[in-house]
Each structure stands twice: as C-alpha cells, then as structure tokens.
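The structure file structure04.csv is reproduced below (CSV, C-alpha atoms).
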chain,number,residue,atom,x,y,z
C,93,MET,CA,-30.4,24.5,24.6
C,94,GLN,CA,-26.6,24.8,24.3
C,95,LEU,CA,-23.7,25.5,26.6
C,96,ILE,CA,-22.2,28.9,26.2
C,97,LEU,CA,-18.5,29.3,27.1
C,98,CYS,CA,-18.3,32.2,29.6
C,99,PRO,CA,-14.8,33.6,29.4
C,100,HIS,CA,-14.6,33.6,33.2
C,101,CYS,CA,-16.7,30.8,34.5
C,102,GLY,CA,-16.4,28.2,31.8
C,103,PRO,CA,-19.3,26.4,29.9
C,104,ARG,CA,-22.7,27.2,31.3
C,105,GLU,CA,-26.2,26.6,30.2
C,106,GLU,CA,-27.8,29.1,27.8
C,107,THR,CA,-30.5,30.1,30.3
C,108,GLU,CA,-27.9,31.8,32.5
C,109,PHE,CA,-27.1,34.4,29.9
C,110,CYS,CA,-28.6,37.6,28.6
C,111,TYR,CA,-28.4,39.0,25.2
C,112,GLY,CA,-27.0,42.5,24.7
C,113,GLY,CA,-27.2,43.3,21.1
C,114,GLU,CA,-24.6,44.1,18.5
C,115,ALA,CA,-21.1,44.7,19.8
C,116,GLY,CA,-18.8,47.5,18.7
C,117,VAL,CA,-21.4,50.1,17.6
C,118,PRO,CA,-19.3,53.3,17.6
C,119,TYR,CA,-20.5,56.2,19.7
C,120,PRO,CA,-20.8,59.4,17.6
C,121,ASP,CA,-17.8,61.6,17.8
C,122,ASP,CA,-20.0,64.7,18.3
C,123,PRO,CA,-23.5,63.7,19.2
C,124,SER,CA,-24.7,67.3,19.4
C,125,VAL,CA,-24.4,67.8,15.6
C,126,LEU,CA,-26.5,64.7,14.7
C,127,ASP,CA,-30.0,65.4,13.5
C,128,ASP,CA,-32.9,63.2,14.7
C,129,GLU,CA,-32.6,60.7,11.9
C,130,GLN,CA,-28.9,60.2,12.4
C,131,TRP,CA,-29.4,59.8,16.2
C,132,ALA,CA,-32.2,57.3,15.7
C,133,ARG,CA,-30.0,55.4,13.3
C,134,PHE,CA,-27.3,55.2,15.9
C,135,VAL,CA,-29.7,54.2,18.7
C,136,PHE,CA,-31.9,51.7,16.8
C,137,VAL,CA,-30.5,50.5,13.6
C,138,ARG,CA,-28.3,47.4,13.8
C,139,ALA,CA,-26.7,45.0,11.4
C,140,ASN,CA,-28.7,41.9,10.7
C,141,PRO,CA,-26.2,39.6,8.9
C,142,LYS,CA,-26.9,36.1,7.9
C,143,GLY,CA,-23.9,34.3,9.4
C,144,ALA,CA,-21.3,35.3,11.9
C,145,PHE,CA,-22.5,38.2,14.1
C,146,THR,CA,-20.4,39.9,16.9
C,147,GLU,CA,-22.6,40.5,19.9
C,148,ARG,CA,-22.5,41.4,23.6
C,149,TRP,CA,-23.7,38.8,26.1
C,150,SER,CA,-23.9,38.9,29.8
C,151,HIS,CA,-23.5,35.9,32.2
C,152,ALA,CA,-26.5,37.2,34.2
C,153,ALA,CA,-26.9,34.2,36.5
C,154,GLY,CA,-23.2,33.7,37.1
C,155,CYS,CA,-20.3,36.1,37.3
C,156,ARG,CA,-22.5,38.9,35.8
C,157,ARG,CA,-19.8,40.0,33.4
C,158,TRP,CA,-20.4,41.2,29.9
C,159,PHE,CA,-18.4,39.6,27.1
C,160,THR,CA,-18.2,39.6,23.4
C,161,ALA,CA,-19.3,36.6,21.4
C,162,VAL,CA,-19.4,35.7,17.8
C,163,ARG,CA,-22.6,33.8,16.9
C,164,ASP,CA,-23.7,32.3,13.7
C,165,THR,CA,-27.2,33.7,13.2
C,166,ARG,CA,-28.2,30.8,10.9
C,167,THR,CA,-27.4,28.0,13.3
C,168,HIS,CA,-27.3,29.8,16.7
C,169,ARG,CA,-23.9,28.3,17.3
C,170,PHE,CA,-21.4,30.2,19.2
C,171,LEU,CA,-18.1,30.5,17.3
C,172,ASP,CA,-16.0,32.5,19.7
C,173,VAL,CA,-16.1,34.4,23.0
C,174,GLU,CA,-13.8,36.8,24.6
C,175,SER,CA,-13.8,39.0,27.7
C,176,ILE,CA,-14.0,42.7,27.6
C,177,GLY,CA,-11.4,45.1,28.9
C,178,ALA,CA,-7.6,44.9,28.8
C,179,SER,CA,-7.4,45.3,32.6
C,180,GLN,CA,-9.3,42.0,33.0
C,181,PRO,CA,-7.5,39.4,30.9
C,182,PRO,CA,-9.5,36.2,30.4
C,183,THR,CA,-9.0,33.8,33.1
C,184,THR,CA,-8.6,30.2,32.2
C,185,PRO,CA,-11.8,28.4,33.1
C,186,ARG,CA,-11.2,25.5,35.4
C,187,ARG,CA,-13.8,23.4,33.7
F,675,MET,CA,-31.1,49.5,71.7
F,676,ALA,CA,-29.9,47.7,68.6
F,677,ASP,CA,-27.8,45.6,70.8
F,678,THR,CA,-30.9,43.8,72.1
F,679,LEU,CA,-31.9,42.7,68.7
F,680,THR,CA,-30.9,39.2,67.6
F,681,ARG,CA,-30.6,38.0,64.0
F,682,THR,CA,-33.1,35.4,63.0
F,683,HIS,CA,-32.3,33.0,60.2
F,684,PRO,CA,-34.5,33.8,57.2
F,685,LEU,CA,-35.4,30.2,56.9
F,686,GLU,CA,-36.2,29.7,60.6
F,687,ALA,CA,-39.7,28.6,59.7
F,688,TRP,CA,-38.4,25.7,57.6
F,689,ARG,CA,-36.1,24.3,60.3
F,690,THR,CA,-38.6,21.7,61.5
F,691,ALA,CA,-39.5,20.6,58.0
F,692,PHE,CA,-35.8,20.1,57.1
F,693,ALA,CA,-35.2,18.2,60.4
F,694,ALA,CA,-38.2,15.9,59.7
F,695,LEU,CA,-37.0,15.2,56.1
F,696,SER,CA,-33.4,14.6,57.2
F,697,GLU,CA,-34.6,12.1,59.8
F,698,GLU,CA,-36.7,10.3,57.3
F,699,LEU,CA,-34.0,10.1,54.6
F,700,ASP,CA,-31.1,9.5,56.9
F,701,PRO,CA,-28.3,8.8,55.9
F,702,GLY,CA,-29.0,9.6,52.3
F,703,LEU,CA,-29.8,13.2,52.7
F,704,ALA,CA,-29.7,15.8,55.5
F,705,ILE,CA,-30.7,19.5,55.1
F,706,GLU,CA,-29.8,22.0,57.8
F,707,LEU,CA,-29.7,25.7,58.0
F,708,ALA,CA,-26.3,27.2,57.4
F,709,PRO,CA,-25.1,29.4,60.3
F,710,LEU,CA,-25.5,33.1,60.0
F,711,THR,CA,-22.4,34.8,58.7
F,712,THR,CA,-21.1,38.2,58.2
F,713,ALA,CA,-20.4,38.7,54.5
F,714,LEU,CA,-18.5,41.3,52.6
F,715,ASP,CA,-18.5,41.9,48.9
F,716,LEU,CA,-14.9,42.7,47.9
F,717,ARG,CA,-14.1,44.2,44.5
F,718,VAL,CA,-10.5,44.9,43.6
F,719,ASP,CA,-8.4,44.6,40.4
F,720,ALA,CA,-7.2,41.0,40.2
F,721,THR,CA,-4.0,41.9,38.4
F,722,GLY,CA,-2.6,43.6,41.5
F,723,VAL,CA,-1.2,41.9,44.5
F,724,PHE,CA,-3.4,40.6,47.3
F,725,PRO,CA,-2.5,42.2,50.6
F,726,PHE,CA,-5.6,40.7,52.3
F,727,ALA,CA,-4.1,37.7,53.9
F,728,ASP,CA,-3.6,39.4,57.3
F,729,VAL,CA,-7.0,41.1,57.5
F,730,LEU,CA,-8.9,38.1,56.2
F,731,GLY,CA,-6.8,35.4,57.7
F,732,GLY,CA,-6.2,33.6,54.4
F,733,PRO,CA,-5.6,34.1,50.7
F,734,LEU,CA,-8.2,35.1,48.2
F,735,PRO,CA,-8.8,32.4,45.6
F,736,THR,CA,-7.5,33.4,42.1
F,737,ALA,CA,-8.7,30.3,40.2
F,738,PRO,CA,-12.3,30.7,38.9
F,739,ASN,CA,-15.0,28.7,40.5
F,740,THR,CA,-13.1,28.0,43.7
F,741,TRP,CA,-13.2,29.2,47.3
F,742,THR,CA,-10.6,29.1,50.0
F,743,PRO,CA,-10.9,28.9,53.8
F,744,ILE,CA,-10.1,32.0,55.7
F,745,ARG,CA,-10.3,32.9,59.4
F,746,ASP,CA,-13.7,31.6,60.6
F,747,GLY,CA,-15.1,31.8,57.1
F,748,ARG,CA,-14.6,31.6,53.4
F,749,ALA,CA,-13.3,33.7,50.5
F,750,VAL,CA,-15.4,32.8,47.4
F,751,TRP,CA,-14.6,33.7,43.8
F,752,LEU,CA,-17.5,35.5,42.3
F,753,GLY,CA,-15.9,37.1,39.3
F,754,PRO,CA,-12.5,38.1,37.9
F,755,ASP,CA,-12.4,41.1,40.2
F,756,GLU,CA,-15.0,40.2,42.8
F,757,TRP,CA,-15.0,38.0,45.9
F,758,LEU,CA,-17.5,37.2,48.7
F,759,VAL,CA,-15.7,36.9,52.0
F,760,THR,CA,-17.6,35.5,55.0
F,761,SER,CA,-17.0,35.1,58.7
F,762,THR,CA,-19.0,33.5,61.4
F,763,THR,CA,-17.4,35.6,64.1
F,764,ALA,CA,-16.4,39.0,62.7
F,765,SER,CA,-18.5,42.1,63.4
F,766,GLY,CA,-19.9,43.4,60.1
F,767,PRO,CA,-19.2,47.2,60.3
F,768,ARG,CA,-15.8,46.8,62.0
F,769,TRP,CA,-14.6,44.1,59.6
F,770,GLU,CA,-15.9,46.2,56.6
F,771,ASP,CA,-13.8,49.1,57.8
F,772,GLU,CA,-10.7,46.9,58.3
F,773,VAL,CA,-10.9,45.3,54.9
F,774,ARG,CA,-11.7,48.6,53.2
F,775,ALA,CA,-8.6,50.1,54.8
F,776,VAL,CA,-6.6,47.5,52.9
F,777,ALA,CA,-8.6,47.6,49.7
F,778,GLY,CA,-8.9,51.3,49.4
F,779,PRO,CA,-5.3,52.1,48.4
F,780,HIS,CA,-5.7,49.5,45.6
F,781,ARG,CA,-8.9,51.2,44.4
F,782,GLY,CA,-11.0,48.4,45.7
F,783,ALA,CA,-14.5,48.5,47.1
F,784,VAL,CA,-15.9,46.7,50.1
F,785,VAL,CA,-19.6,46.5,51.0
F,786,ASP,CA,-21.2,44.7,53.9
F,787,VAL,CA,-23.7,42.3,52.4
F,788,SER,CA,-24.4,40.2,55.5
F,789,ALA,CA,-28.2,40.5,55.0
F,790,GLN,CA,-28.1,39.7,51.3
F,791,ARG,CA,-27.7,36.0,51.4
F,792,THR,CA,-28.6,33.0,53.5
F,793,GLY,CA,-28.1,29.4,53.0
F,794,VAL,CA,-28.7,25.7,53.7
F,795,ARG,CA,-26.2,22.9,54.0
F,796,LEU,CA,-26.9,19.5,52.3
F,797,ARG,CA,-25.1,16.4,53.4
F,798,GLY,CA,-25.4,12.8,52.5
F,799,ARG,CA,-24.8,10.6,49.4
F,800,ASP,CA,-27.9,12.0,47.7
F,801,ALA,CA,-27.2,15.7,48.1
F,802,ARG,CA,-25.6,16.1,44.7
F,803,GLU,CA,-28.4,14.2,43.0
F,804,LEU,CA,-31.0,16.4,44.7
F,805,LEU,CA,-29.4,19.5,43.3
F,806,SER,CA,-29.1,17.9,39.9
F,807,PHE,CA,-32.9,17.8,39.6
F,808,GLY,CA,-32.8,21.6,39.1
F,809,CYS,CA,-29.3,22.5,38.2
F,810,ALA,CA,-27.6,21.9,34.9
F,811,LEU,CA,-24.0,21.9,36.2
F,812,ASP,CA,-22.1,18.7,36.5
F,813,LEU,CA,-22.0,18.4,40.3
F,814,ARG,CA,-20.3,15.0,40.5
F,815,PRO,CA,-17.3,15.0,42.8
F,816,ALA,CA,-14.9,14.6,39.9
F,817,SER,CA,-15.9,17.9,38.3
F,818,PHE,CA,-17.2,19.7,41.4
F,819,PRO,CA,-14.8,18.7,44.2
F,820,ALA,CA,-14.5,20.2,47.7
F,821,GLY,CA,-13.3,23.8,47.3
F,822,SER,CA,-15.4,24.4,44.2
F,823,CYS,CA,-18.0,27.1,43.9
F,824,ALA,CA,-20.4,28.1,41.2
F,825,GLN,CA,-23.0,30.8,40.7
F,826,THR,CA,-25.8,29.2,38.7
F,827,LEU,CA,-29.5,28.6,38.6
F,828,LEU,CA,-31.3,26.1,40.9
F,829,GLY,CA,-34.9,25.9,39.7
F,830,GLN,CA,-35.8,29.4,38.8
F,831,SER,CA,-33.5,31.0,41.4
F,832,GLY,CA,-29.9,32.2,41.2
F,833,VAL,CA,-27.8,30.4,43.8
F,834,LEU,CA,-24.2,30.1,44.9
F,835,LEU,CA,-23.2,26.5,45.3
F,836,LEU,CA,-20.2,25.7,47.5
F,837,ALA,CA,-18.7,22.2,47.8
F,838,ASP,CA,-17.1,21.5,51.2
F,839,ASP,CA,-15.7,18.5,53.0
F,840,ASP,CA,-16.2,18.4,56.8
F,841,GLY,CA,-15.9,14.8,57.6
F,842,GLY,CA,-18.0,14.0,54.6
F,843,PRO,CA,-19.1,15.7,51.5
F,844,ALA,CA,-21.3,18.7,52.1
F,845,LEU,CA,-22.9,21.2,49.7
F,846,ASP,CA,-23.9,24.7,50.7
F,847,VAL,CA,-26.6,26.4,48.8
F,848,VAL,CA,-26.3,30.1,49.3
F,849,VAL,CA,-29.2,32.1,48.1
F,850,ARG,CA,-30.5,35.7,48.2
F,851,ALA,CA,-32.7,36.0,51.3
F,852,SER,CA,-35.8,37.0,49.4
F,853,PHE,CA,-35.5,33.8,47.2
F,854,ALA,CA,-34.7,31.6,50.2
F,855,GLY,CA,-38.3,30.5,50.8
F,856,TYR,CA,-38.6,29.5,47.2
F,857,VAL,CA,-35.4,27.4,47.3
F,858,ALA,CA,-36.4,25.8,50.6
F,859,GLY,CA,-39.7,24.8,49.1
F,860,TRP,CA,-38.0,23.6,46.0
F,861,LEU,CA,-35.6,21.4,48.0
F,862,LEU,CA,-38.4,19.8,50.0
F,863,ASP,CA,-40.4,19.2,46.8
F,864,ALA,CA,-37.4,17.7,44.9
F,865,ALA,CA,-36.5,15.5,47.9
F,866,GLU,CA,-39.8,13.7,47.3
F,867,GLU,CA,-38.0,11.8,44.6
F,868,LEU,CA,-35.5,10.5,47.1
F,869,ARG,CA,-38.0,8.8,49.4
F,870,PRO,CA,-37.7,5.1,49.3
F,871,LEU,CA,-40.6,3.1,47.9
F,872,PRO,CA,-42.6,1.4,50.7
F,873,HIS,CA,-41.7,-2.1,49.6
F,874,ASN,CA,-38.1,-1.3,48.7
F,875,SER,CA,-36.4,-0.2,51.9
F,876,ASP,CA,-32.8,-1.0,51.4
F,877,GLN,CA,-30.8,0.9,54.0
F,878,GLU,CA,-27.5,-1.0,53.8
F,879,GLY,CA,-24.3,0.1,52.3
F,880,ASP,CA,-24.0,3.7,53.5
F,881,GLU,CA,-20.5,4.9,53.8
F,882,THR,CA,-20.7,8.6,53.2

Once more with this new file: its structure as structure tokens, please.
Amino acid sequence: MQLILCPHCGPREETEFCYGGEAGVPYPDDPSVLDDEQWARFVFVRANPKGAFTERWSHAAGCRRWFTAVRDTRTHRFLDVESIGASQPPTTPRR
Amino acid sequence: MADTLTRTHPLEAWRTAFAALSEELDPGLAIELAPLTTALDLRVDATGVFPFADVLGGPLPTAPNTWTPIRDGRAVWLGPDEWLVTSTTASGPRWEDEVRAVAGPHRGAVVDVSAQRTGVRLRGRDARELLSFGCALDLRPASFPAGSCAQTLLGQSGVLLLADDDGGPALDVVVRASFAGYVAGWLLDAAEELRPLPHNSDQEGDET
C-alpha cells in the first residue's frame, strides 16, 4: 500500500484510485480507413515498458478526477503526477 | 398532495441505537443524525469569478479539502470545479433555479441532490479515533482542523468527512443514502472498541 499524490486532493491511499491504462494513445486521424487489424491494434495493443510508464489514473473515491501519472513498473513507485486539461490548472494540495 | 409528505431521515431506524451508545460512552463519543438538508451540486469553471455570494449567502471555498459556512448551510469543495452547497432552510427546486440563474451565464451546472446524501454527526474526544479505525486519512486536529473536508473511504463505503466546531469538535460523516445503513452499522461495530473495560472505568478528565 502506498500513498498516491492526487493533483487536487493531496496524498491519498492507493485504494481510493482506479487505473485507466496507458496515457497519450493517439486517436487515429481517419478511423474509417483503418482495417480491422489496425483498429484492433489501436484499441487493444499498449506499450509494456520495464520502467517509467505514463498512465491515466482516477481518484475514484475522492474528487473523481482523472490525472496523468508516471509510474515505475518495476517498483510500482509513482514518479510524477499532473492534472489533465489547461482549463483546470493543478491546485496546490493543502496537505 | 406532495405537500402532505414529510421527509424521513434515511437512518431514522438507527436513532435509538445511536442514542443508547452515546449515553453509554458519554462524554467520549456521541453519535446523532445530522439534520436533513437541501443540497445542490454546483459545477462551474474555477478560473472564473464567483458571483455566488449573494445567492448562497457566503463564498465558495477555493482551497482544496475545505468548506465554508454559507447562509444556513455549507459550501463544500468536492473538486477543482465542483462544490456541494447545502442549506437547512432553502427549498430545493426554488434554490436550484436561483443558483442556476447565476451559474448559467458562466456555463455552470446546478443539480438538486438533496436525496443523494445523508449524514451523522460525531462528537466527543473519541470521534476522530472512531473514524480512524476505518479511514486512512490523518484525522488529528493538526492536519484535519475545523473547516476541513475530505472525500475518502470509511470501511468499504465512500464518505464525505467534514470537520466542524460548534462549541466543541464535531465531525460530520456524509454518505450516500443507499450506503448509510452500512456506515451506521460500521460505526456501531467500531464503537465497541471504545467501551471501557468493566474494571477500568476512569471517567475523569473530560474537557472536550
């Protein structure tokens, strides 16, 4: 069990969070021209690095906001977090 | 016809059990049902200005994990663009329209969520310890002073915790109505830990 730093609420217990998979997977420019294999590759195939991995996480039991986190897949340590969206700048956690 | 209906507290059936426990553990812990409130969920871009002071009777909190008193109620920070505003006196539909009239031009959204949540209020010197049995947050007064709020887990249930001070420290546990029975049962079960041992009844030194 570790504390994850929610960009909005501050450090919270890991059980409050939900995993959302790899971050920054680009949506196809023209999905209609993709064949089945290319579409399946976009939907299902994800990077699986050994080391730092950029992911989406959701603070499901708290503010319910999605954010981006960089996690080391070897140690499960969180290296960095940041909120999503320029219109919602990260607020300074009070704790 | 609807005028003849009266709201019943979702935890009404637990009132006697809470009263009996509070009497037994006095003054260490008291649990009572929080009054029924009208509640609105307000979502509006936090980077804008807040013209809500008039319609709410107080400012919206901008610091995370805090709440501010407003007219007959509270404005609770739920997220960077989301607040829960409550009132013990306002009429739900009319208040919703009034707040929406202010929020609308700022592309905000207002929804009446009065029936969503209910709550209990904990008092006494053991209130924070009771919650700490099932909540990982640091609830000591130094890090969770009056005016703080937190959405977190208590046992298996998501709750909204509010620290208040009304002549003594008080903690409100606000929970979704369908989870309220679970939380009430959890509180009674966890309070077993606080019962004094039969041969160790020291009741002195209470200054809560």

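Among the candidates C:Cys110, C:Ala161, C:Ile96, C:Cys101, the residue lying nearest to chain F is C:Cys101 (atoms considered: all atoms listed in the file).
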
>> Can you measure atom CA of C:Ala153 to atom CA of F:Gly793 for me? One decimal in Å is fine.
In response: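 It comes out at 17.2 Å.
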
>> So that I can see what lies close to F:Gln830, please list as a PyMOL selection string the residues with an atom at most 9 Å from it, counting all atoms listed in the file and leaving out residues fewer than 3 positions away in the same chain.
In response: chain F and resi 808+827+856-857

> Smallest atom-to-atom distance to chain F: which of C:Lys142, C:Arg157, C:Arg148, C:Arg163, using only C-alpha atoms?
Replying inline: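 Answer, going by the shortest atom-to-atom distance: C:Arg157.
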
>> If the cut-off is 8 Å, can you tell me the residues of chain F near chain C, counting all atoms listed in the file? I'd like them as a list in words.
In response: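 Matching residues, ligands excluded from the count: Asp719, Ala720, Thr721, Ala737, Pro738, Asn739, Leu752, Gly753, Pro754, Asp755, Ala810, Leu811, Ser817, Ala824, Gln825, Thr826, Leu827 and Gly832 of chain F.
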
> In Å to one decimal, how far is atom CA of C:Leu97 from atom CA of F:Leu804?
Replying inline: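 Interatomic distance here is 25.1 Å.
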
Non-local contacts of C:Arg133 (12 Å; all atoms listed in the file; under 6 positions in same chain excluded) as a PDB file with C-alpha atoms, keeping the file's coordinate frame:
ATOM      1  CA  VAL C 117     -21.400  50.100  17.600  1.00  0.00           C
ATOM      2  CA  PRO C 118     -19.300  53.300  17.600  1.00  0.00           C
ATOM      3  CA  TYR C 119     -20.500  56.200  19.700  1.00  0.00           C
ATOM      4  CA  PRO C 120     -20.800  59.400  17.600  1.00  0.00           C
ATOM      5  CA  LEU C 126     -26.500  64.700  14.700  1.00  0.00           C
ATOM      6  CA  ASP C 127     -30.000  65.400  13.500  1.00  0.00           C
ATOM      7  CA  ALA C 139     -26.700  45.000  11.400  1.00  0.00           C
TER       8      ALA C 139
END

Contact table stretch 145-174 of chain C vs stretch 112-115 of chain C, cut-off 7 Å, shortest pair per residue, all atoms listed in the file, as a tab-separated table:
residue	atom	partner	partner_atom	distance
C:Thr146	CA	C:Ala115	CA	5.7
C:Glu147	CA	C:Glu114	CA	4.3
C:Arg148	CA	C:Gly112	CA	4.8
C:Trp149	CA	C:Gly112	CA	5.2
C:Ser150	CA	C:Gly112	CA	7.0
C:Thr160	CA	C:Ala115	CA	6.9

Output C-alpha atoms for every residue in the selection just made, as an mmCIF file, in the frame of the given file.
data_model
loop_
_atom_site.group_PDB
_atom_site.id
_atom_site.type_symbol
_atom_site.label_atom_id
_atom_site.label_comp_id
_atom_site.auth_asym_id
_atom_site.auth_seq_id
_atom_site.Cartn_x
_atom_site.Cartn_y
_atom_site.Cartn_z
ATOM 1 C CA THR C 146 -20.400 39.900 16.900
ATOM 2 C CA GLU C 147 -22.600 40.500 19.900
ATOM 3 C CA ARG C 148 -22.500 41.400 23.600
ATOM 4 C CA TRP C 149 -23.700 38.800 26.100
ATOM 5 C CA SER C 150 -23.900 38.900 29.800
ATOM 6 C CA THR C 160 -18.200 39.600 23.400
#

> Could you pull the residues within 7 Å of F:Pro735, counting only C-alpha atoms, minus those fewer than 6 positions along the same chain, as a PyMOL selection string?
Replying inline: chain F and resi 741-742+749-751

> What lies within 10 Å of F:Asp715 using all atoms listed in the file, ignoring chain neighbours under 2 positions off, as a PyMOL selection string?
Replying inline: chain F and resi 713+717+749-750+752+756-760+770+783-788

>> Let me make sure I understand: among C:Cys98, C:Asp164, C:Glu129, C:Glu106, which one has the smallest atom-to-atom distance to C:Pro141 if we use only C-alpha atoms?
In response: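 Smallest distance to C:Pro141 is found for C:Asp164.
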
>> Using all atoms listed in the file for the distances, tell me which of C:Phe145, C:Val125, C:Gly116, C:Ile176 is nearest to C:Val162.
In response: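 Result for the nearest residue to C:Val162: C:Phe145.
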
Will you give me stretch 796-805 of chain F, written with all heavy atoms and laid out as a PDB file, in the first residue's frame?
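Done, and the output landed in result.pdb:
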ATOM      1  N   LEU F 796     -20.644  13.198  14.654  1.00  0.00           N
ATOM      2  CA  LEU F 796     -19.912  12.591  15.763  1.00  0.00           C
ATOM      3  C   LEU F 796     -19.331  13.697  16.628  1.00  0.00           C
ATOM      4  O   LEU F 796     -18.771  14.656  16.117  1.00  0.00           O
ATOM      5  CB  LEU F 796     -18.761  11.714  15.254  1.00  0.00           C
ATOM      6  CG  LEU F 796     -19.055  10.708  14.144  1.00  0.00           C
ATOM      7  CD1 LEU F 796     -17.799   9.903  13.833  1.00  0.00           C
ATOM      8  CD2 LEU F 796     -20.165   9.771  14.551  1.00  0.00           C
ATOM      9  N   ARG F 797     -19.484  13.543  17.926  1.00  0.00           N
ATOM     10  CA  ARG F 797     -18.882  14.486  18.877  1.00  0.00           C
ATOM     11  C   ARG F 797     -18.084  13.697  19.894  1.00  0.00           C
ATOM     12  O   ARG F 797     -18.229  12.487  20.031  1.00  0.00           O
ATOM     13  CB  ARG F 797     -19.961  15.273  19.621  1.00  0.00           C
ATOM     14  CG  ARG F 797     -20.854  16.116  18.774  1.00  0.00           C
ATOM     15  CD  ARG F 797     -21.932  16.721  19.695  1.00  0.00           C
ATOM     16  NE  ARG F 797     -23.061  17.215  18.938  1.00  0.00           N
ATOM     17  CZ  ARG F 797     -23.100  18.419  18.412  1.00  0.00           C
ATOM     18  NH1 ARG F 797     -22.097  19.244  18.558  1.00  0.00           N
ATOM     19  NH2 ARG F 797     -24.169  18.809  17.742  1.00  0.00           N
ATOM     20  N   GLY F 798     -17.297  14.450  20.639  1.00  0.00           N
ATOM     21  CA  GLY F 798     -16.579  13.831  21.746  1.00  0.00           C
ATOM     22  C   GLY F 798     -15.126  13.587  21.411  1.00  0.00           C
ATOM     23  O   GLY F 798     -14.716  13.638  20.259  1.00  0.00           O
ATOM     24  N   ARG F 799     -14.362  13.319  22.459  1.00  0.00           N
ATOM     25  CA  ARG F 799     -12.913  13.225  22.282  1.00  0.00           C
ATOM     26  C   ARG F 799     -12.506  11.994  21.487  1.00  0.00           C
ATOM     27  O   ARG F 799     -11.401  11.927  20.957  1.00  0.00           O
ATOM     28  CB  ARG F 799     -12.229  13.215  23.647  1.00  0.00           C
ATOM     29  CG  ARG F 799     -12.680  12.057  24.519  1.00  0.00           C
ATOM     30  CD  ARG F 799     -11.806  11.867  25.748  1.00  0.00           C
ATOM     31  NE  ARG F 799     -12.235  10.655  26.449  1.00  0.00           N
ATOM     32  CZ  ARG F 799     -12.868  10.648  27.600  1.00  0.00           C
ATOM     33  NH1 ARG F 799     -13.142  11.767  28.207  1.00  0.00           N
ATOM     34  NH2 ARG F 799     -13.241   9.506  28.148  1.00  0.00           N
ATOM     35  N   ASP F 800     -13.387  10.974  21.412  1.00  0.00           N
ATOM     36  CA  ASP F 800     -13.026   9.748  20.708  1.00  0.00           C
ATOM     37  C   ASP F 800     -13.539   9.712  19.269  1.00  0.00           C
ATOM     38  O   ASP F 800     -13.384   8.700  18.586  1.00  0.00           O
ATOM     39  CB  ASP F 800     -13.576   8.530  21.450  1.00  0.00           C
ATOM     40  CG  ASP F 800     -12.912   8.351  22.811  1.00  0.00           C
ATOM     41  OD1 ASP F 800     -11.753   8.784  22.943  1.00  0.00           O
ATOM     42  OD2 ASP F 800     -13.549   7.793  23.712  1.00  0.00           O
ATOM     43  N   ALA F 801     -14.170  10.804  18.818  1.00  0.00           N
ATOM     44  CA  ALA F 801     -14.802  10.765  17.490  1.00  0.00           C
ATOM     45  C   ALA F 801     -13.764  10.510  16.394  1.00  0.00           C
ATOM     46  O   ALA F 801     -13.973   9.697  15.499  1.00  0.00           O
ATOM     47  CB  ALA F 801     -15.536  12.078  17.231  1.00  0.00           C
ATOM     48  N   ARG F 802     -12.629  11.200  16.490  1.00  0.00           N
ATOM     49  CA  ARG F 802     -11.611  11.026  15.441  1.00  0.00           C
ATOM     50  C   ARG F 802     -10.999   9.640  15.502  1.00  0.00           C
ATOM     51  O   ARG F 802     -10.687   9.040  14.474  1.00  0.00           O
ATOM     52  CB  ARG F 802     -10.532  12.108  15.586  1.00  0.00           C
ATOM     53  CG  ARG F 802     -11.060  13.492  15.217  1.00  0.00           C
ATOM     54  CD  ARG F 802     -10.108  14.585  15.651  1.00  0.00           C
ATOM     55  NE  ARG F 802     -10.758  15.879  15.567  1.00  0.00           N
ATOM     56  CZ  ARG F 802     -10.637  16.702  14.529  1.00  0.00           C
ATOM     57  NH1 ARG F 802      -9.900  16.369  13.514  1.00  0.00           N
ATOM     58  NH2 ARG F 802     -11.276  17.850  14.508  1.00  0.00           N
ATOM     59  N   GLU F 803     -10.839   9.118  16.705  1.00  0.00           N
ATOM     60  CA  GLU F 803     -10.268   7.783  16.813  1.00  0.00           C
ATOM     61  C   GLU F 803     -11.227   6.752  16.223  1.00  0.00           C
ATOM     62  O   GLU F 803     -10.812   5.799  15.558  1.00  0.00           O
ATOM     63  CB  GLU F 803      -9.964   7.451  18.270  1.00  0.00           C
ATOM     64  CG  GLU F 803      -9.219   6.139  18.397  1.00  0.00           C
ATOM     65  CD  GLU F 803      -8.955   5.747  19.825  1.00  0.00           C
ATOM     66  OE1 GLU F 803      -9.320   6.517  20.723  1.00  0.00           O
ATOM     67  OE2 GLU F 803      -8.389   4.666  20.017  1.00  0.00           O
ATOM     68  N   LEU F 804     -12.525   6.952  16.467  1.00  0.00           N
ATOM     69  CA  LEU F 804     -13.503   6.008  15.916  1.00  0.00           C
ATOM     70  C   LEU F 804     -13.376   5.932  14.401  1.00  0.00           C
ATOM     71  O   LEU F 804     -13.326   4.842  13.818  1.00  0.00           O
ATOM     72  CB  LEU F 804     -14.915   6.456  16.308  1.00  0.00           C
ATOM     73  CG  LEU F 804     -16.052   5.625  15.715  1.00  0.00           C
ATOM     74  CD1 LEU F 804     -16.085   4.255  16.359  1.00  0.00           C
ATOM     75  CD2 LEU F 804     -17.386   6.320  15.894  1.00  0.00           C
ATOM     76  N   LEU F 805     -13.299   7.095  13.747  1.00  0.00           N
ATOM     77  CA  LEU F 805     -13.185   7.090  12.287  1.00  0.00           C
ATOM     78  C   LEU F 805     -11.859   6.503  11.835  1.00  0.00           C
ATOM     79  O   LEU F 805     -11.775   5.869  10.781  1.00  0.00           O
ATOM     80  CB  LEU F 805     -13.339   8.511  11.741  1.00  0.00           C
ATOM     81  CG  LEU F 805     -14.722   9.128  11.900  1.00  0.00           C
ATOM     82  CD1 LEU F 805     -14.746  10.506  11.271  1.00  0.00           C
ATOM     83  CD2 LEU F 805     -15.789   8.258  11.268  1.00  0.00           C
TER      84      LEU F 805
END
